[in-house]
file my_file.cif (mmCIF, C-alpha atoms and all ligand atoms)
data_final
loop_
_atom_site.label_atom_id
_atom_site.label_comp_id
_atom_site.auth_asym_id
_atom_site.auth_seq_id
_atom_site.Cartn_x
_atom_site.Cartn_y
_atom_site.Cartn_z
CA MET S 1 18.59 16.54 -14.56
CA LYS S 2 18.28 12.89 -13.68
CA ARG S 3 20.02 13.53 -10.43
CA MET S 4 17.69 16.36 -9.61
CA LEU S 5 14.73 14.16 -10.37
CA LEU S 6 15.99 11.53 -7.97
CA LEU S 7 16.52 14.18 -5.35
CA LEU S 8 12.99 15.45 -5.74
CA VAL S 9 11.56 11.97 -5.57
CA ALA S 10 13.57 11.49 -2.40
CA VAL S 11 12.08 14.67 -1.00
CA LEU S 12 8.61 13.40 -1.84
CA LEU S 13 9.24 10.11 -0.12
CA LEU S 14 10.71 11.89 2.84
CA ALA S 15 7.56 13.83 3.37
CA GLY S 16 5.36 10.78 2.99
CA CYS S 17 2.79 9.95 5.59
CA GLY S 18 2.42 13.27 7.07
CA THR S 19 3.62 15.59 9.61
CA GLN S 20 6.47 13.96 11.40
CA GLY S 21 8.49 13.89 8.18
CA GLY S 22 11.25 11.72 9.59
CA LYS S 23 14.79 12.47 8.66
CA ASN S 24 15.31 8.89 7.63
CA SER S 25 12.99 7.61 5.01
CA ALA S 26 13.41 7.20 1.30
CA ASP S 27 15.37 4.08 1.78
CA GLU S 28 16.11 2.24 -1.33
CA GLU S 29 15.03 -1.32 -1.16
CA LYS S 30 17.34 -4.22 -1.47
CA LYS S 31 16.55 -7.07 -3.72
CA GLY S 32 14.36 -9.76 -2.22
CA GLU S 33 17.18 -12.25 -2.09
CA ASN S 34 15.24 -14.95 -0.32
CA ARG S 35 12.16 -14.60 -2.36
CA THR S 36 12.40 -17.92 -4.15
CA GLU S 37 13.17 -19.76 -0.96
CA GLN S 38 10.27 -18.03 0.76
CA GLN S 39 7.94 -18.85 -2.07
CA ALA S 40 8.92 -22.47 -1.96
CA GLU S 41 8.26 -22.54 1.77
CA GLN S 42 4.92 -20.89 1.27
CA GLU S 43 3.91 -23.33 -1.41
CA THR S 44 4.78 -26.28 0.79
CA GLU S 45 2.75 -24.77 3.59
CA ASN S 46 -0.17 -24.19 1.29
CA SER S 47 -0.21 -27.70 -0.02
CA GLU S 48 0.03 -29.06 3.51
CA ASN S 49 -2.87 -27.02 4.75
CA GLY S 50 -4.92 -26.66 1.64
CA SER S 51 -6.31 -30.06 0.89
CA GLU S 52 -9.21 -30.38 3.25
CA ASP S 53 -10.59 -26.88 3.48
CA ASP S 54 -14.30 -26.62 3.14
CA PRO S 55 -15.37 -25.96 -0.44
CA ALA S 56 -17.04 -22.60 0.26
CA GLU S 57 -13.82 -21.17 1.59
CA GLN S 58 -11.83 -22.58 -1.29
CA GLU S 59 -14.13 -20.95 -3.75
CA GLU S 60 -13.52 -17.60 -2.15
CA LYS S 61 -9.75 -18.09 -2.27
CA GLN S 62 -9.30 -18.99 -5.91
CA PRO S 63 -5.60 -18.59 -6.53
CA VAL S 64 -5.03 -15.91 -9.13
CA GLU S 65 -2.07 -16.11 -11.46
CA PRO S 66 0.13 -13.10 -10.62
CA MET S 67 0.53 -10.67 -13.52
CA TYR S 68 2.51 -7.93 -11.78
CA ARG S 69 5.25 -7.56 -9.23
CA VAL S 70 6.46 -4.74 -7.00
CA ASN S 71 9.89 -3.43 -8.00
CA PRO S 72 11.84 -3.74 -4.72
CA VAL S 73 13.88 -0.61 -5.44
CA SER S 74 11.38 1.85 -6.91
CA SER S 75 8.12 0.39 -5.53
CA SER S 76 6.59 0.76 -8.98
CA ILE S 77 4.45 -2.03 -10.35
CA GLU S 78 5.92 -4.04 -13.21
CA PRO S 79 4.11 -6.38 -15.54
CA ILE S 80 5.10 -10.01 -15.62
CA GLY S 81 5.31 -11.17 -19.22
CA ASP S 82 3.01 -9.26 -21.53
CA ALA S 83 0.50 -7.90 -18.99
CA LYS S 84 -0.69 -4.38 -19.77
CA LYS S 85 1.89 -1.78 -18.70
CA GLU S 86 -0.41 1.21 -18.34
CA VAL S 87 -1.66 0.48 -14.84
CA VAL S 88 -1.51 2.38 -11.56
CA LEU S 89 -1.92 1.03 -8.06
CA LEU S 90 -4.07 2.94 -5.54
CA THR S 91 -3.14 2.71 -1.87
CA PHE S 92 -4.64 4.33 1.23
CA ASP S 93 -2.53 4.67 4.37
CA ASP S 94 -3.44 5.49 7.96
CA ALA S 95 -6.74 3.61 7.71
CA PRO S 96 -9.42 2.98 8.84
CA ASP S 97 -9.82 6.40 10.41
CA LYS S 98 -12.77 8.67 9.60
CA TYR S 99 -13.03 8.21 5.83
CA GLY S 100 -11.77 4.69 5.08
CA VAL S 101 -15.19 3.06 4.77
CA GLU S 102 -16.47 5.89 2.59
CA ILE S 103 -13.37 5.61 0.38
CA ALA S 104 -13.92 1.85 0.05
CA LYS S 105 -17.57 2.37 -0.92
CA THR S 106 -16.61 4.93 -3.54
CA LEU S 107 -14.02 2.58 -5.03
CA LYS S 108 -16.54 -0.23 -5.06
CA GLU S 109 -19.05 1.95 -6.93
CA LEU S 110 -16.34 2.84 -9.43
CA GLY S 111 -15.56 -0.85 -9.84
CA VAL S 112 -11.89 -0.51 -8.88
CA SER S 113 -9.71 -1.83 -6.06
CA ALA S 114 -6.92 -0.57 -3.80
CA ILE S 115 -4.81 -1.65 -0.85
CA PHE S 116 -5.74 -0.24 2.56
CA PHE S 117 -2.69 0.04 4.80
CA VAL S 118 -3.98 0.02 8.34
CA ASN S 119 -2.66 0.91 11.78
CA GLY S 120 -3.37 -0.94 15.01
CA HIS S 121 -4.46 2.15 16.91
CA PHE S 122 -7.40 2.53 14.52
CA ILE S 123 -8.65 -1.02 15.02
CA ASN S 124 -8.36 -1.64 18.73
CA SER S 125 -11.90 -0.39 19.45
CA GLU S 126 -15.17 -2.07 18.53
CA GLU S 127 -15.91 0.73 16.09
CA GLY S 128 -12.50 0.45 14.46
CA ARG S 129 -12.73 -3.32 14.19
CA ALA S 130 -16.12 -3.01 12.51
CA LYS S 131 -14.72 -0.52 9.98
CA LEU S 132 -11.84 -2.81 9.11
CA LYS S 133 -14.17 -5.78 8.71
CA GLU S 134 -16.45 -3.76 6.47
CA ILE S 135 -13.58 -2.71 4.18
CA TYR S 136 -12.22 -6.26 4.10
CA ASP S 137 -15.65 -7.73 3.40
CA MET S 138 -16.03 -5.39 0.43
CA GLY S 139 -13.07 -7.27 -1.03
CA PHE S 140 -10.17 -4.88 -0.41
CA PRO S 141 -6.75 -6.25 0.54
CA ILE S 142 -5.54 -5.08 3.93
CA GLY S 143 -1.89 -4.12 4.30
CA ASN S 144 0.20 -3.64 7.43
CA HIS S 145 1.26 -0.04 8.20
CA THR S 146 2.52 -0.88 11.74
CA TYR S 147 0.60 -0.97 14.98
CA GLY S 148 1.30 2.54 16.20
CA HIS S 149 2.72 4.34 13.13
CA ALA S 150 6.19 4.32 14.62
CA ASN S 151 9.27 5.37 12.72
CA LEU S 152 10.96 1.97 12.67
CA LYS S 153 14.40 3.56 12.44
CA THR S 154 14.03 5.10 15.88
CA ILE S 155 12.98 2.08 17.95
CA SER S 156 14.58 -1.14 19.19
CA GLU S 157 14.46 -4.36 17.20
CA GLU S 158 12.10 -5.89 19.71
CA LYS S 159 9.71 -2.97 19.29
CA GLN S 160 10.02 -3.08 15.50
CA ARG S 161 8.95 -6.71 15.58
CA GLY S 162 6.02 -5.85 17.85
CA GLU S 163 4.89 -3.00 15.58
CA ILE S 164 4.72 -5.41 12.66
CA VAL S 165 3.73 -8.80 14.09
CA LYS S 166 1.24 -7.58 16.70
CA LEU S 167 -0.69 -5.80 13.96
CA ASN S 168 -0.74 -8.88 11.72
CA ASP S 169 -2.12 -10.88 14.65
CA LEU S 170 -4.84 -8.31 15.28
CA ILE S 171 -5.81 -8.03 11.61
CA GLU S 172 -5.99 -11.81 11.34
CA GLU S 173 -8.16 -11.96 14.44
CA ILE S 174 -10.62 -9.52 12.84
CA THR S 175 -10.61 -10.57 9.19
CA GLY S 176 -9.29 -14.13 9.34
CA GLU S 177 -6.45 -13.25 6.99
CA ARG S 178 -2.91 -12.03 7.55
CA PRO S 179 -1.74 -9.09 5.42
CA LYS S 180 0.32 -9.78 2.31
CA PHE S 181 1.64 -6.24 1.90
CA PHE S 182 3.63 -3.97 4.19
CA ARG S 183 4.36 -0.27 4.05
CA ALA S 184 6.45 1.42 6.73
CA PRO S 185 5.42 4.79 8.14
CA HIS S 186 7.46 7.52 6.40
CA GLY S 187 8.89 4.77 4.17
CA ALA S 188 11.48 4.21 6.90
CA ASN S 189 12.64 0.58 6.86
CA THR S 190 15.57 -1.07 8.63
CA ASP S 191 17.46 -4.24 7.75
CA PHE S 192 15.81 -5.84 10.76
CA SER S 193 12.27 -4.74 9.91
CA ARG S 194 12.74 -5.95 6.34
CA LYS S 195 13.61 -9.36 7.68
CA VAL S 196 10.52 -9.41 9.94
CA VAL S 197 8.34 -8.32 7.02
CA GLN S 198 9.74 -11.13 4.92
CA ASP S 199 9.39 -13.69 7.70
CA GLU S 200 5.75 -12.62 7.96
CA GLY S 201 5.35 -13.39 4.26
CA MET S 202 4.63 -9.82 3.21
CA VAL S 203 5.74 -7.87 0.17
CA LEU S 204 7.27 -4.56 1.19
CA MET S 205 6.53 -1.40 -0.76
CA ASN S 206 6.99 2.32 -0.47
CA TRP S 207 5.28 4.37 -3.18
CA THR S 208 6.14 6.43 -6.25
CA TYR S 209 4.07 9.55 -5.65
CA GLY S 210 1.37 11.11 -3.57
CA TYR S 211 0.31 14.64 -2.68
CA ASP S 212 -2.51 14.55 -0.12
CA TYR S 213 -0.14 14.98 2.82
CA PHE S 214 1.30 18.25 1.54
CA GLN S 215 -0.48 21.33 2.81
CA PRO S 216 -1.10 22.93 -0.63
CA TYR S 217 -2.92 19.78 -1.73
CA MET S 218 -5.20 19.35 1.26
CA ASP S 219 -8.02 20.42 -0.99
CA ALA S 220 -10.07 18.13 -3.25
CA LYS S 221 -9.72 20.17 -6.43
CA LYS S 222 -6.00 20.78 -6.11
CA LEU S 223 -5.37 17.21 -5.06
CA THR S 224 -7.28 15.87 -8.06
CA GLU S 225 -5.17 17.92 -10.42
CA ALA S 226 -1.93 16.84 -8.79
CA MET S 227 -2.82 13.14 -8.73
CA VAL S 228 -4.15 13.11 -12.29
CA THR S 229 -1.28 15.08 -13.82
CA GLY S 230 1.35 13.63 -11.52
CA LYS S 231 2.67 17.15 -11.01
CA GLY S 232 2.92 19.04 -7.73
CA PRO S 233 4.38 22.43 -8.63
CA GLU S 234 3.60 23.83 -5.20
CA VAL S 235 5.95 21.32 -3.64
CA GLY S 236 8.55 21.65 -6.36
CA ILE S 237 7.47 18.80 -8.62
CA ASN S 238 7.18 20.58 -11.97
CA TYR S 239 7.18 17.45 -14.07
CA SER S 240 4.85 14.47 -14.12
CA LEU S 241 5.47 11.46 -11.92
CA LEU S 242 2.56 9.66 -13.56
CA ARG S 243 3.87 6.75 -15.57
CA PRO S 244 3.08 3.07 -16.15
CA GLY S 245 3.23 1.19 -12.86
CA ALA S 246 2.94 4.27 -10.63
CA ASN S 247 2.26 3.33 -7.01
CA LEU S 248 -0.02 6.06 -5.72
CA LEU S 249 -0.01 7.00 -2.06
CA MET S 250 -3.15 8.50 -0.57
CA HIS S 251 -4.52 8.65 2.96
CA ASP S 252 -7.72 8.29 4.95
CA ARG S 253 -8.48 12.01 4.75
CA GLN S 254 -11.49 14.13 3.92
CA TRP S 255 -10.07 15.92 0.85
CA THR S 256 -8.84 12.61 -0.54
CA SER S 257 -12.24 11.02 -0.11
CA GLU S 258 -13.88 14.02 -1.78
CA ALA S 259 -11.45 13.94 -4.70
CA LEU S 260 -11.52 10.20 -5.27
CA VAL S 261 -14.09 9.90 -8.07
CA ASP S 262 -12.34 12.58 -10.12
CA ILE S 263 -8.91 11.10 -9.45
CA VAL S 264 -9.95 7.64 -10.62
CA LYS S 265 -11.80 8.93 -13.67
CA GLY S 266 -8.99 11.32 -14.54
CA LEU S 267 -6.43 8.52 -14.47
CA GLN S 268 -8.68 6.25 -16.52
CA GLU S 269 -9.26 8.97 -19.10
CA GLN S 270 -5.53 9.03 -19.69
CA GLY S 271 -5.55 5.35 -20.53
CA TYR S 272 -4.46 3.98 -17.16
CA GLU S 273 -6.15 0.98 -15.67
CA ILE S 274 -6.55 0.91 -11.89
CA LEU S 275 -4.68 -2.25 -10.96
CA ASP S 276 -6.42 -4.99 -9.03
CA PRO S 277 -3.93 -5.73 -6.21
CA ALA S 278 -4.98 -9.38 -6.35
CA LEU S 279 -2.87 -9.60 -9.53
CA ILE S 280 0.32 -8.64 -7.69
CA GLU S 281 2.73 -11.44 -6.88
CA THR S 282 2.96 -12.17 -3.15
CA LEU S 283 5.41 -14.31 -1.21
ZN ZN S 301 1.23 6.62 7.45
#

call {"tool": "encode", "arguments": {"input": "my_file.cif", "output": "structure tokens"}}
result
Amino acid sequence: MKRMLLLLVAVLLLAGCGTQGGKNSADEEKKGENRTEQQAEQETENSENGSEDDPAEQEEKQPVEPMYRVNPVSSSIEPIGDAKKEVVLLTFDDAPDKYGVEIAKTLKELGVSAIFFVNGHFINSEEGRAKLKEIYDMGFPIGNHTYGHANLKTISEEKQRGEIVKLNDLIEEITGERPKFFRAPHGANTDFSRKVVQDEGMVLMNWTYGYDYFQPYMDAKKLTEAMVTGKGPEVGINYSLLRPGANLLMHDRQWTSEALVDIVKGLQEQGYEILDPALIETL
């Protein structure tokens, strides 16, 4: 049973992020061995740069004590210490396409947050840049989902680096801030890309479940039910994947935008808090 569950989760991950459904995805994550070292480096950097910032900017960047961390193997969100366990993280990939700004506005009205994982090809026009800025200015963290949505397992190391670093440069140029989170298209990471992600100071995550990229759930009502129950019987998931720390994958799509209010309320009605990503430990 447990084995079957793992298999099904693997199938889910495999199908993640849409149509190309790469043969290599679902990679289990290795432990962040260099995390402590990285953190130390980051802290030194911060203290070197931080002292003479103008006060307005400092006020905006109040350091928040992390209360959660991303499990490097399962991508679920774990409390640090005695933080509330019944939380779920909302994430939106392939943004900002047609519905990203609308999704952000809906979340804002609901008083909840989410990570927007963006692609470079959506933000290399004036219109795209403006959308990204609008989402960022509403207070949502921007994650890196690669420049061109490449399957990192199929391209050279040099190109993998470009897919990741070039996008961070572009996002920083637009928002003034480099992403702190990374999610690979199709969940397909390589040892090399992991290293680049870490060198860029980002926390890598896949997800624990999502349904909006499966044909049967490209419908607001059906998607709501699947996200709120955690079950996707039409893609073989007959049991609930909803549990404390679930990392929910959604996309910049019409049916997702339409379903969003009901998804959020449905999760809250079951006692889950929508996690503020600002509480997640970064490097
Ligand atoms: Zn994607």

call {"tool": "atom_distance", "arguments": {"input": "my_file.cif", "atom1": "CA of Gly271 in chain S", "atom2": "CA of Pro79 in chain S"}}
result
16.0 Å

call {"tool": "closest_residue", "arguments": {"input": "my_file.cif", "among": "S:Arg243, S:Asp94, S:Val203, S:Leu107", "to": "Arg69 in chain S", "atoms": "only C-alpha atoms"}}
result
S:Val203

call {"tool": "closest_residue", "arguments": {"input": "my_file.cif", "among": "S:Lys265, S:Arg178, S:Lys159, S:Arg183", "to": "ligand ZN 301 (chain S)", "atoms": "all atoms listed in the file"}}
result
S:Arg183

call {"tool": "residues_near_ligand", "arguments": {"input": "my_file.cif", "ligand": "ligand ZN 301 (chain S)", "cutoff": "10 Å", "atoms": "only C-alpha atoms and all ligand atoms", "output": "NGL selection string"}}
result
:S and (16-20 or 92-95 or 117-119 or 145-146 or 148-151 or 183-187 or 213 or 249-252)

call {"tool": "residues_around", "arguments": {"input": "my_file.cif", "residues": "Glu273 in chain S", "least_positions_apart": "6", "cutoff": "8 Å", "atoms": "all atoms listed in the file", "output": "list of chain:residue names"}}
result
S:Glu86, S:Val87, S:Val88, S:Leu267

call {"tool": "atom_distance", "arguments": {"input": "my_file.cif", "atom1": "CA of Lys231 in chain S", "atom2": "CA of Ile274 in chain S"}}
result
18.7 Å

call {"tool": "closest_residue", "arguments": {"input": "my_file.cif", "among": "S:Leu132, S:Ala104, S:Ala226, S:Val197", "to": "Leu283 in chain S", "atoms": "only C-alpha atoms"}}
result
S:Val197

call {"tool": "atom_distance", "arguments": {"input": "my_file.cif", "atom1": "CA of Gly143 in chain S", "atom2": "CA of Met218 in chain S"}}
result
23.9 Å

call {"tool": "closest_residue", "arguments": {"input": "my_file.cif", "among": "S:Asp199, S:Asp276, S:Met205, S:Tyr68", "to": "Lys108 in chain S", "atoms": "all atoms listed in the file"}}
result
S:Asp276

call {"tool": "closest_residue", "arguments": {"input": "my_file.cif", "among": "S:Lys131, S:Ile142, S:Leu279, S:Asp212", "to": "Gly232 in chain S", "atoms": "all atoms listed in the file"}}
result
S:Asp212

call {"tool": "axis_aligned_box", "arguments": {"input": "my_file.cif", "around": "range 211-220 of chain S", "padding_each_side": "6 Å", "output": "JSON"}}
result
{"center_x": -4.4, "center_y": 18.7, "center_z": -0.2, "size_x": 23.4, "size_y": 20.4, "size_z": 18.1}

call {"tool": "closest_residue", "arguments": {"input": "my_file.cif", "among": "S:Glu109, S:Ala259, S:Ser193, S:Met202", "to": "Glu225 in chain S", "atoms": "only C-alpha atoms"}}
result
S:Ala259

call {"tool": "build_atoms", "arguments": {"input": "my_file.cif", "residues": "range 115-142 of chain S", "atoms": "N, CA and C atoms", "output": "mmCIF file, in the frame of the given file"}}
result
data_model
loop_
_atom_site.group_PDB
_atom_site.id
_atom_site.type_symbol
_atom_site.label_atom_id
_atom_site.label_comp_id
_atom_site.auth_asym_id
_atom_site.auth_seq_id
_atom_site.Cartn_x
_atom_site.Cartn_y
_atom_site.Cartn_z
ATOM 1 N N ILE S 115 -5.265 -1.064 -2.115
ATOM 2 C CA ILE S 115 -4.810 -1.650 -0.850
ATOM 3 C C ILE S 115 -5.035 -0.631 0.263
ATOM 4 N N PHE S 116 -5.599 -1.078 1.370
ATOM 5 C CA PHE S 116 -5.740 -0.240 2.560
ATOM 6 C C PHE S 116 -4.649 -0.631 3.561
ATOM 7 N N PHE S 117 -3.742 0.291 3.812
ATOM 8 C CA PHE S 117 -2.690 0.040 4.800
ATOM 9 C C PHE S 117 -3.155 0.564 6.152
ATOM 10 N N VAL S 118 -3.332 -0.360 7.086
ATOM 11 C CA VAL S 118 -3.980 0.020 8.340
ATOM 12 C C VAL S 118 -3.000 0.071 9.508
ATOM 13 N N ASN S 119 -3.417 0.803 10.527
ATOM 14 C CA ASN S 119 -2.660 0.910 11.780
ATOM 15 C C ASN S 119 -3.459 0.287 12.923
ATOM 16 N N GLY S 120 -2.724 -0.281 13.879
ATOM 17 C CA GLY S 120 -3.370 -0.940 15.010
ATOM 18 C C GLY S 120 -4.196 -0.005 15.864
ATOM 19 N N HIS S 121 -3.729 1.241 16.007
ATOM 20 C CA HIS S 121 -4.460 2.150 16.910
ATOM 21 C C HIS S 121 -5.816 2.554 16.344
ATOM 22 N N PHE S 122 -6.067 2.259 15.071
ATOM 23 C CA PHE S 122 -7.400 2.530 14.520
ATOM 24 C C PHE S 122 -8.336 1.325 14.676
ATOM 25 N N ILE S 123 -7.794 0.165 15.003
ATOM 26 C CA ILE S 123 -8.650 -1.020 15.020
ATOM 27 C C ILE S 123 -8.648 -1.730 16.369
ATOM 28 N N ASN S 124 -8.305 -1.000 17.417
ATOM 29 C CA ASN S 124 -8.360 -1.640 18.730
ATOM 30 C C ASN S 124 -9.617 -1.257 19.520
ATOM 31 N N SER S 125 -10.583 -0.646 18.843
ATOM 32 C CA SER S 125 -11.900 -0.390 19.450
ATOM 33 C C SER S 125 -12.932 -1.185 18.652
ATOM 34 N N GLU S 126 -14.104 -1.351 19.238
ATOM 35 C CA GLU S 126 -15.170 -2.070 18.530
ATOM 36 C C GLU S 126 -15.506 -1.373 17.211
ATOM 37 N N GLU S 127 -15.577 -0.052 17.277
ATOM 38 C CA GLU S 127 -15.910 0.730 16.090
ATOM 39 C C GLU S 127 -14.849 0.544 14.989
ATOM 40 N N GLY S 128 -13.594 0.605 15.411
ATOM 41 C CA GLY S 128 -12.500 0.450 14.460
ATOM 42 C C GLY S 128 -12.470 -0.936 13.845
ATOM 43 N N ARG S 129 -12.699 -1.931 14.688
ATOM 44 C CA ARG S 129 -12.730 -3.320 14.190
ATOM 45 C C ARG S 129 -13.824 -3.482 13.144
ATOM 46 N N ALA S 130 -14.992 -2.896 13.442
ATOM 47 C CA ALA S 130 -16.120 -3.010 12.510
ATOM 48 C C ALA S 130 -15.789 -2.347 11.173
ATOM 49 N N LYS S 131 -15.114 -1.208 11.234
ATOM 50 C CA LYS S 131 -14.720 -0.520 9.980
ATOM 51 C C LYS S 131 -13.782 -1.393 9.158
ATOM 52 N N LEU S 132 -12.799 -1.966 9.829
ATOM 53 C CA LEU S 132 -11.840 -2.810 9.110
ATOM 54 C C LEU S 132 -12.555 -3.993 8.460
ATOM 55 N N LYS S 133 -13.437 -4.621 9.217
ATOM 56 C CA LYS S 133 -14.170 -5.780 8.710
ATOM 57 C C LYS S 133 -15.001 -5.387 7.493
ATOM 58 N N GLU S 134 -15.612 -4.215 7.573
ATOM 59 C CA GLU S 134 -16.450 -3.760 6.470
ATOM 60 C C GLU S 134 -15.614 -3.568 5.195
ATOM 61 N N ILE S 135 -14.462 -2.941 5.343
ATOM 62 C CA ILE S 135 -13.580 -2.710 4.180
ATOM 63 C C ILE S 135 -13.100 -4.058 3.623
ATOM 64 N N TYR S 136 -12.692 -4.935 4.524
ATOM 65 C CA TYR S 136 -12.220 -6.260 4.100
ATOM 66 C C TYR S 136 -13.332 -7.040 3.398
ATOM 67 N N ASP S 137 -14.527 -6.978 3.983
ATOM 68 C CA ASP S 137 -15.650 -7.730 3.400
ATOM 69 C C ASP S 137 -16.080 -7.183 2.044
ATOM 70 N N MET S 138 -15.755 -5.933 1.771
ATOM 71 C CA MET S 138 -16.030 -5.390 0.430
ATOM 72 C C MET S 138 -15.005 -5.892 -0.585
ATOM 73 N N GLY S 139 -14.007 -6.638 -0.107
ATOM 74 C CA GLY S 139 -13.070 -7.270 -1.030
ATOM 75 C C GLY S 139 -11.722 -6.569 -1.162
ATOM 76 N N PHE S 140 -11.437 -5.604 -0.287
ATOM 77 C CA PHE S 140 -10.170 -4.880 -0.410
ATOM 78 C C PHE S 140 -9.056 -5.542 0.385
ATOM 79 N N PRO S 141 -7.869 -5.700 -0.205
ATOM 80 C CA PRO S 141 -6.750 -6.250 0.540
ATOM 81 C C PRO S 141 -6.294 -5.280 1.637
ATOM 82 N N ILE S 142 -5.969 -5.870 2.779
ATOM 83 C CA ILE S 142 -5.540 -5.080 3.930
ATOM 84 C C ILE S 142 -4.037 -5.224 4.083
#
